[in-house]
$ cat start-v4.txt   # compact mmCIF, C-alpha atoms
# COMPACT_ATOMS: atom_id res chain seq x y z
CA MET V 71 86.86 96.52 -27.66
CA LEU V 72 84.73 93.81 -26.06
CA LEU V 73 87.02 93.30 -23.06
CA THR V 74 87.08 97.06 -22.44
CA LEU V 75 83.29 97.13 -22.58
CA LEU V 76 82.96 94.26 -20.12
CA ARG V 77 85.56 95.69 -17.76
CA ASP V 78 83.78 99.02 -17.57
CA ASN V 79 80.21 97.80 -17.37
CA LEU V 80 79.84 94.49 -15.58
CA PRO V 81 77.63 95.05 -12.49
CA ARG V 82 79.84 95.89 -9.55
CA ASP V 83 77.34 96.83 -6.86
CA LEU V 84 79.43 95.28 -4.09
CA THR V 85 82.54 97.37 -4.76
CA TRP V 86 83.39 100.03 -2.19
CA PRO V 87 82.39 103.07 -4.31
CA LEU V 88 78.93 101.64 -5.01
CA LEU V 89 78.51 100.38 -1.45
CA LEU V 90 79.26 103.87 -0.16
CA LEU V 91 76.89 105.42 -2.70
CA THR V 92 74.18 102.90 -1.76
CA LEU V 93 74.63 103.78 1.93
CA VAL V 94 74.30 107.50 1.20
CA LEU V 95 71.16 106.90 -0.88
CA ALA V 96 69.64 104.64 1.80
CA VAL V 97 70.18 107.28 4.47
CA THR V 98 68.67 109.88 2.14
CA ILE V 99 65.61 107.67 1.57
CA TRP V 100 65.22 107.19 5.35
CA LEU V 101 65.31 110.95 5.89
CA PHE V 102 63.02 111.71 2.97
CA ARG V 103 60.41 109.13 4.00
CA GLY V 104 60.69 109.75 7.72
CA GLY V 105 61.59 106.14 8.48
CA ARG V 106 58.57 104.75 6.62
CA GLY V 107 58.72 101.83 4.20
CA SER V 108 60.85 99.44 6.24
CA LYS V 109 59.41 95.91 6.49
CA ASP V 110 59.91 93.25 9.13
CA ALA V 111 60.46 89.56 8.37
CA SER V 112 56.71 88.96 8.12
CA GLY V 113 56.35 91.67 5.49
CA SER V 114 54.57 94.20 7.70
CA GLU V 115 55.61 97.83 7.50
CA ARG V 116 56.97 99.42 10.66
CA PRO V 117 58.46 102.77 11.62
CA ALA V 118 62.20 102.34 11.92
CA GLY V 119 65.17 104.20 13.27
CA LEU V 120 68.16 104.67 11.02
CA LEU V 121 70.07 101.57 12.10
CA GLU V 122 66.98 99.35 11.96
CA PHE V 123 66.12 100.79 8.55
CA LEU V 124 69.60 100.05 7.18
CA ILE V 125 70.32 96.69 8.82
CA PRO V 126 67.20 95.19 10.45
CA ARG V 127 68.27 92.29 12.63
CA ASP V 128 65.23 90.10 11.95
CA ILE V 129 65.83 90.36 8.20
CA TYR V 130 69.56 89.67 8.15
CA THR V 131 69.43 86.84 10.70
CA HIS V 132 66.54 85.16 8.87
CA VAL V 133 67.26 81.70 7.42
CA SER V 134 66.40 83.01 3.95
CA ALA V 135 69.03 85.76 4.23
CA ARG V 136 71.61 83.19 5.32
CA VAL V 137 70.80 81.13 2.23
CA ASP V 138 71.27 84.30 0.14
CA ILE V 139 74.80 84.64 1.50
CA THR V 140 75.70 81.01 0.81
CA LEU V 141 74.31 81.07 -2.73
CA TYR V 142 76.16 84.35 -3.36
CA VAL V 143 79.45 82.73 -2.32
CA PHE V 144 78.76 79.77 -4.63
CA GLU V 145 77.89 82.14 -7.48
CA ARG V 146 81.10 84.14 -7.01
CA PHE V 147 83.13 80.92 -6.92
CA LEU V 148 81.58 79.48 -10.08
CA ARG V 149 81.40 82.70 -12.11
CA PRO V 150 85.06 82.78 -13.32
CA PHE V 151 84.72 79.31 -14.84
CA TRP V 152 81.71 79.95 -17.06
CA ALA V 153 81.84 83.74 -17.41
CA THR V 154 85.24 83.71 -19.11
CA ALA V 155 84.17 81.01 -21.54
CA LEU V 156 80.93 82.80 -22.46
CA ILE V 157 82.58 86.22 -22.79
CA LEU V 158 85.29 84.87 -25.08
CA SER V 159 82.87 82.78 -27.12
CA VAL V 160 79.42 84.40 -27.30
CA GLY V 161 80.60 87.98 -26.83
CA THR V 162 83.54 87.81 -29.21
CA PHE V 163 81.48 85.96 -31.83
CA ALA V 164 78.69 88.56 -31.67
CA GLU V 165 81.11 91.49 -31.88
CA THR V 166 82.99 90.01 -34.84
CA LEU V 167 79.76 89.05 -36.63
CA VAL V 168 78.32 92.56 -36.30
CA MET V 169 81.51 94.32 -37.39
CA ASN V 170 82.02 92.00 -40.38
CA GLY V 171 78.34 92.24 -41.35
CA LEU V 172 78.42 96.03 -41.33
CA ALA V 173 81.72 96.10 -43.24
CA ASP V 174 80.39 93.69 -45.89
CA THR V 175 77.20 95.74 -46.28
CA TRP V 176 78.49 99.34 -46.09
CA GLY V 177 82.24 98.98 -46.27
CA THR V 178 84.64 100.69 -43.91
CA GLY V 179 83.06 102.53 -41.01
CA PRO V 180 82.88 106.34 -40.93
CA THR V 181 85.71 106.56 -38.37
CA LEU V 182 83.90 109.09 -36.21
CA ASP V 183 85.64 111.20 -33.62
CA ILE V 184 84.95 110.04 -30.10
CA SER V 185 83.11 112.59 -27.95
CA TYR V 186 81.29 112.49 -24.63
CA GLY V 187 77.97 112.55 -26.48
CA TRP V 188 78.90 109.38 -28.39
CA MET V 189 80.04 107.78 -25.14
CA LEU V 190 76.64 108.54 -23.59
CA LEU V 191 74.90 107.03 -26.62
CA PHE V 192 77.14 103.96 -26.36
CA SER V 193 76.05 103.56 -22.72
CA LEU V 194 72.38 103.93 -23.64
CA VAL V 195 72.50 101.46 -26.54
CA THR V 196 74.31 98.88 -24.40
CA LEU V 197 71.79 99.32 -21.58
CA LEU V 198 68.77 98.94 -23.88
CA LEU V 199 70.25 95.89 -25.62
CA TYR V 200 71.07 94.26 -22.30
CA ASP V 201 67.63 95.05 -20.90
CA PHE V 202 65.91 93.66 -24.01
CA ILE V 203 67.78 90.35 -23.93
CA PHE V 204 67.31 90.12 -20.15
CA SER V 205 63.56 90.62 -20.62
CA ILE V 206 63.34 87.85 -23.22
CA ILE V 207 65.26 85.40 -21.04
CA HIS V 208 63.25 86.33 -17.95
CA TYR V 209 59.92 86.03 -19.78
CA THR V 210 60.92 82.60 -21.09
CA GLU V 211 61.89 81.44 -17.61
CA HIS V 212 58.44 82.40 -16.32
CA LYS V 213 56.58 80.74 -19.19
CA VAL V 214 58.49 77.51 -19.85
CA PRO V 215 58.03 75.07 -16.93
CA ALA V 216 61.42 73.42 -17.43
CA LEU V 217 63.11 76.80 -16.99
CA TRP V 218 60.74 78.00 -14.28
CA VAL V 219 61.87 75.24 -11.92
CA ILE V 220 65.39 76.70 -12.18
CA HIS V 221 64.32 80.34 -11.84
CA LYS V 222 62.07 79.48 -8.90
CA VAL V 223 65.15 79.32 -6.67
CA HIS V 224 65.28 83.11 -6.92
CA HIS V 225 61.59 83.43 -6.06
CA SER V 226 61.92 81.18 -3.03
CA ALA V 227 63.33 84.00 -0.87
CA GLU V 228 61.20 84.73 2.18
CA VAL V 229 62.85 88.08 2.89
CA LEU V 230 64.60 90.42 0.51
CA THR V 231 68.20 91.62 0.91
CA PRO V 232 70.61 93.11 -1.63
CA LEU V 233 72.16 89.65 -1.98
CA THR V 234 68.82 88.18 -3.07
CA ARG V 235 69.65 89.30 -6.60
CA TYR V 236 72.40 86.64 -6.58
CA ARG V 237 70.06 83.97 -5.23
CA GLU V 238 69.96 81.73 -8.26
CA HIS V 239 70.51 78.17 -9.36
CA PHE V 240 73.98 77.48 -10.74
CA LEU V 241 72.39 76.68 -14.12
CA GLU V 242 70.78 80.12 -14.32
CA GLY V 243 73.90 82.27 -14.08
CA PRO V 244 75.38 81.09 -17.39
CA ILE V 245 72.06 81.76 -19.15
CA TYR V 246 72.04 85.42 -18.15
CA ALA V 247 75.80 85.73 -18.68
CA ALA V 248 75.39 84.51 -22.26
CA GLY V 249 72.64 87.08 -22.79
CA ALA V 250 74.83 89.84 -21.33
CA ALA V 251 77.80 88.80 -23.49
CA LEU V 252 75.54 88.87 -26.58
CA ALA V 253 74.34 92.39 -25.74
CA TYR V 254 77.86 93.66 -25.07
CA GLY V 255 79.11 92.01 -28.25
CA ILE V 256 76.42 93.56 -30.44
CA ALA V 257 76.97 97.03 -28.97
CA GLY V 258 80.74 96.65 -29.15
CA GLY V 259 80.58 95.53 -32.79
CA LEU V 260 78.31 98.41 -33.82
CA PHE V 261 80.38 101.13 -32.18
CA GLY V 262 83.65 99.45 -33.10
CA TRP V 263 82.63 99.74 -36.75
CA LEU V 264 81.56 103.36 -36.33
CA PHE V 265 84.82 104.44 -34.71
CA GLU V 266 87.28 101.72 -35.77
CA SER V 267 88.82 102.08 -32.31
CA ASP V 268 87.96 101.37 -28.73
CA VAL V 269 85.21 103.58 -27.36
CA THR V 270 84.35 103.56 -23.67
CA HIS V 271 81.14 104.36 -21.87
CA ALA V 272 80.51 107.67 -20.21
CA THR V 273 81.36 107.51 -16.51
CA LEU V 274 80.29 109.17 -13.28
CA PHE V 275 82.62 109.02 -10.27
CA ASN V 276 84.83 106.85 -12.50
CA ILE V 277 82.03 104.28 -12.74
CA GLY V 278 80.30 103.48 -16.04
CA PHE V 279 76.75 104.86 -16.19
CA PHE V 280 75.43 101.42 -17.05
CA SER V 281 77.26 99.82 -14.14
CA LEU V 282 76.11 102.59 -11.80
CA LEU V 283 72.45 102.39 -12.81
CA PHE V 284 72.38 98.60 -12.84
CA GLY V 285 74.14 98.37 -9.48
CA PHE V 286 71.84 100.88 -7.80
CA ASN V 287 68.70 99.31 -9.24
CA GLY V 288 69.85 95.79 -8.41
CA SER V 289 70.60 96.61 -4.79
CA PHE V 290 67.40 98.46 -3.98
CA ARG V 291 64.87 96.34 -5.84
CA HIS V 292 65.82 93.46 -3.54
CA TYR V 293 65.82 95.66 -0.46
CA HIS V 294 63.61 95.00 2.57
CA GLY V 295 62.20 98.52 2.34
CA ALA V 296 60.05 99.20 -0.71
CA PHE V 297 59.79 102.69 -2.12
CA PRO V 298 58.18 103.89 -5.35
CA TYR V 299 59.16 106.35 -8.03
CA PRO V 300 56.72 108.94 -9.39
CA VAL V 301 54.40 107.36 -11.95
CA TRP V 302 55.96 109.28 -14.84
CA LEU V 303 59.43 107.98 -13.91
CA SER V 304 58.15 104.43 -13.32
CA LYS V 305 57.08 104.37 -16.98
CA TRP V 306 60.76 104.64 -17.90
CA LEU V 307 62.69 103.06 -15.01
CA HIS V 308 61.79 100.17 -12.73
CA SER V 309 61.33 101.25 -9.13
CA PRO V 310 62.09 98.88 -6.23
CA VAL V 311 58.37 98.59 -5.42
CA MET V 312 57.73 97.42 -9.00
CA HIS V 313 60.13 94.54 -8.57
CA HIS V 314 58.51 93.63 -5.27
CA ALA V 315 55.28 93.31 -7.25
CA HIS V 316 57.14 90.98 -9.61
CA HIS V 317 57.71 88.64 -6.64
CA SER V 318 54.00 88.60 -5.78
CA TYR V 319 51.87 85.44 -5.93
CA LEU V 320 48.70 87.40 -6.74
CA GLU V 321 47.62 86.50 -10.25
CA LYS V 322 47.43 90.09 -11.49
CA HIS V 323 51.15 90.44 -10.75
CA TRP V 324 52.31 87.23 -12.41
CA ASP V 325 54.90 87.65 -15.14
CA THR V 326 55.09 91.44 -14.83
CA ASN V 327 58.05 93.84 -14.73
CA LEU V 328 60.46 91.43 -16.38
CA ALA V 329 63.21 93.85 -17.39
CA ALA V 330 66.26 94.57 -15.26
CA VAL V 331 66.47 98.36 -15.35
CA THR V 332 64.12 100.17 -17.71
CA SER V 333 60.35 99.99 -18.17
CA LEU V 334 60.57 100.44 -21.93
CA TRP V 335 60.38 96.77 -22.94
CA ASP V 336 57.67 95.93 -20.39
CA ARG V 337 55.59 98.80 -21.80
CA LEU V 338 56.16 97.54 -25.32
CA PHE V 339 55.29 93.91 -24.51
CA GLY V 340 52.39 94.68 -22.17
CA THR V 341 54.03 93.31 -19.01
CA LEU V 342 54.46 96.60 -17.13
CA TYR V 343 52.76 96.88 -13.74
CA ILE V 344 53.03 100.01 -11.57
CA PRO V 345 51.55 99.48 -8.08
CA GLU V 346 49.03 102.13 -7.12
CA LYS V 347 49.33 104.30 -4.06
CA GLY V 348 48.56 102.29 -0.93
CA GLU V 349 48.37 99.00 -2.83
CA HIS V 350 49.20 95.82 -0.94
CA THR V 351 50.57 92.70 -2.57
CA LEU V 352 51.47 89.41 -0.97
CA GLY V 353 54.27 87.04 -1.84
CA SER V 354 54.61 83.52 -3.09
CA GLY V 355 52.33 81.26 -1.09
CA PRO V 356 52.58 79.04 1.99
CA ARG V 357 55.58 79.35 4.23
CA ASP V 358 57.87 76.37 4.80
CA THR V 359 61.34 77.43 5.87
CA ARG V 360 62.54 73.84 5.64
CA SER V 361 62.43 74.13 1.86
CA ILE V 362 64.86 77.05 1.81
CA SER V 363 67.11 76.30 4.79
CA ASN V 364 69.00 73.58 2.91
CA VAL V 365 71.28 75.14 0.29
CA LEU V 366 71.94 71.82 -1.45
CA ALA V 367 68.18 71.38 -1.83
CA GLN V 368 68.07 74.68 -3.71
CA TYR V 369 70.38 73.14 -6.30
CA ARG V 370 69.09 69.56 -6.22
CA ARG V 371 65.32 70.08 -6.46
CA PRO V 372 65.33 72.09 -9.71
CA ILE V 373 67.48 69.38 -11.33
CA GLN V 374 65.02 66.72 -10.19
CA ARG V 375 62.09 68.71 -11.53
CA LEU V 376 63.93 69.49 -14.75
CA VAL V 377 64.39 65.78 -15.33
CA ARG V 378 60.72 65.24 -14.51
CA HIS V 379 59.67 67.86 -17.07
CA ALA V 380 62.02 66.43 -19.66
CA TYR V 381 60.48 63.02 -19.10
CA ARG V 382 56.93 64.30 -19.48
CA GLY V 383 57.76 66.69 -22.30
CA LEU V 384 59.28 70.17 -22.22
CA TYR V 385 55.93 71.93 -21.94
CA ALA V 386 54.30 69.55 -19.49
CA ILE V 387 53.51 71.16 -16.16
CA ASP V 388 52.77 69.47 -12.89
CA GLN V 389 50.13 71.52 -11.08
CA SER V 390 50.92 69.75 -7.83
CA ILE V 391 54.15 71.73 -7.55
CA ASP V 392 52.72 75.07 -8.64
CA TRP V 393 54.28 77.63 -6.26
CA ARG V 394 51.70 80.27 -7.11
CA CYS V 395 49.00 79.05 -4.78
CA HIS V 396 48.24 79.01 -1.10
CA THR V 397 46.44 75.70 -0.69
CA ASP V 398 47.52 72.26 0.47
CA ARG V 399 48.36 71.21 -3.07
CA CYS V 400 51.44 73.47 -2.96
CA LYS V 401 53.01 70.75 -0.81
CA GLY V 402 55.46 72.84 1.14
CA GLU V 403 56.84 75.19 -1.50
CA SER V 404 58.74 78.01 0.18
CA ALA V 405 56.98 81.26 0.80
CA LEU V 406 57.61 84.91 0.34
CA ILE V 407 55.35 87.46 1.98
CA ILE V 408 55.96 91.00 0.90
CA VAL V 409 53.53 93.78 1.64
CA LEU V 410 53.80 96.74 -0.67
CA GLN V 411 52.59 99.89 0.95
CA THR V 412 53.35 102.80 -1.30
CA PRO V 413 52.80 106.27 0.12
$ encode --input "start-v4.txt" --output "structure tokens"
Amino acid sequence: MLLTLLRDNLPRDLTWPLLLLTLVLAVTIWLFRGGRGSKDASGSERPAGLLEFLIPRDIYTHVSARVDITLYVFERFLRPFWATALILSVGTFAETLVMNGLADTWGTGPTLDISYGWMLLFSLVTLLLYDFIFSIIHYTEHKVPALWVIHKVHHSAEVLTPLTRYREHFLEGPIYAAGAALAYGIAGGLFGWLFESDVTHATLFNIGFFSLLFGFNGSFRHYHGAFPYPVWLSKWLHSPVMHHAHHSYLEKHWDTNLAAVTSLWDRLFGTLYIPEKGEHTLGSGPRDTRSISNVLAQYRRPIQRLVRHAYRGLYAIDQSIDWRCHTDRCKGESALIIVLQTP
């Protein structure tokens, strides 16, 4: 049950079907917006032809984008080692615990007949569970200094590309993988008890709805061109422009839009922020490309700061390395300048 769930729903945004779908959607966005919304490496909006809109040279040759590629390769190399262990431990434990708990409380499950409606509900429950656990982890990373120094690797990007979503410290991947395995295990245990057989998620184009939605959202929220959803839809789903606001250094945007896909949990916890029409936001402080051009430094510095925080106490914070500022006391923290210009 659990392995089927993971096989069908792990994010696969770099597979050929999703890459093709992403290309079609990007071309559609370019046509719909008349070439507006594309940003250059400095964060300024510019009118763009189709090729420049899809693959702007200044973005993809930027040192930050090159670091994205290297960190992505490292992440893909390391994933099999810790992902398998976490799936087989955390996921299996959660699934078994839920199924046994339900059986001890209510006895044998109702053995429902599998239908497309139940498959859709299975997809929705899994998505909401995943998004909830993701939000909790993400919120904790932003609030606990010892975890923030690890998560800050992701926020050090100076330009955004689809690979920026994989820009993370090697200690961060297992944290989110454990959260994902827990969500999949809980959902798998609940529906395994209900049906007493394997139930799969509803699919579209032979891709699980969860995988499709997560892959699309993940690719475009770290895209160099920001585009918004209508306000009513933004209250339910995160738009790319909302995640760009999440990367902002402006205080009103700190610790907002912490979920991965939906806006439900951010609404519930008071962390939802929907940029207004024409609103500009800037990114994470002073620019120093030296701090992001060295991939090993991306891994080494968080470890050094983690040790420093452990020495001073888990909740001690050193203001001299606060990235969310634009004064000399930032001492060369890498910058991100993103200008949001919603239509």
$ closest_residue --input "start-v4.txt" --among "V:Lys109, V:His212, V:Lys222, V:Lys322" --to "V:Tyr293" --atoms "all atoms listed in the file"
V:Lys109
$ closest_residue --input "start-v4.txt" --among "V:Ser159, V:Thr140, V:Ser333, V:Thr92" --to "V:Gly249" --atoms "only C-alpha atoms"
V:Ser159
$ residues_around --input "start-v4.txt" --residues "stretch 304-317 of chain V" --least-positions-apart "6" --cutoff "7 Å" --atoms "all atoms listed in the file" --output "ChimeraX atom specification"
/V:225,290-291,296-298,323-327,331-334,343-345,351,353-354,410
$ residues_around --input "start-v4.txt" --residues "stretch 162-177 of chain V" --least-positions-apart "2" --cutoff "7 Å" --atoms "only C-alpha atoms" --output "MDAnalysis selection string"
chainID V and resid 72 157:160 179 252 255:256 258:260 263
$ write_last_selection --input "start-v4.txt" --atoms "C-alpha atoms" --output "compact mmCIF listing (two decimals), keeping the file's coordinate frame"
# COMPACT_ATOMS: atom_id res chain seq x y z
CA LEU V 72 84.73 93.81 -26.06
CA ILE V 157 82.58 86.22 -22.79
CA LEU V 158 85.29 84.87 -25.08
CA SER V 159 82.87 82.78 -27.12
CA VAL V 160 79.42 84.40 -27.30
CA GLY V 179 83.06 102.53 -41.01
CA LEU V 252 75.54 88.87 -26.58
CA GLY V 255 79.11 92.01 -28.25
CA ILE V 256 76.42 93.56 -30.44
CA GLY V 258 80.74 96.65 -29.15
CA GLY V 259 80.58 95.53 -32.79
CA LEU V 260 78.31 98.41 -33.82
CA TRP V 263 82.63 99.74 -36.75
$ closest_residue --input "start-v4.txt" --among "V:Ala257, V:Ser185, V:Ser318, V:Leu342" --to "V:Leu198" --atoms "all atoms listed in the file"
V:Ala257
$ atom_distance --input "start-v4.txt" --atom1 "atom CA of V:Gly107" --atom2 "atom CA of V:Asp336"
25.3 Å
$ atom_distance --input "start-v4.txt" --atom1 "atom CA of V:Pro126" --atom2 "atom CA of V:Val301"
28.5 Å
$ atom_distance --input "start-v4.txt" --atom1 "atom CA of V:His224" --atom2 "atom CA of V:Trp152"
19.6 Å
$ residues_around --input "start-v4.txt" --residues "V:Ile99" --least-positions-apart "6" --cutoff "10 Å" --atoms "all atoms listed in the file" --output "list in words"
Leu93, Gly105, Arg106, Gly107, Phe123, Gly295 and Phe297 of chain V
$ write_last_selection --input "start-v4.txt" --atoms "C-alpha atoms" --output "PDB file, in the frame of the given file"
ATOM      1  CA  LEU V  93      74.630 103.780   1.930  1.00  0.00           C
ATOM      2  CA  GLY V 105      61.590 106.140   8.480  1.00  0.00           C
ATOM      3  CA  ARG V 106      58.570 104.750   6.620  1.00  0.00           C
ATOM      4  CA  GLY V 107      58.720 101.830   4.200  1.00  0.00           C
ATOM      5  CA  PHE V 123      66.120 100.790   8.550  1.00  0.00           C
ATOM      6  CA  GLY V 295      62.200  98.520   2.340  1.00  0.00           C
ATOM      7  CA  PHE V 297      59.790 102.690  -2.120  1.00  0.00           C
TER       8      PHE V 297
END
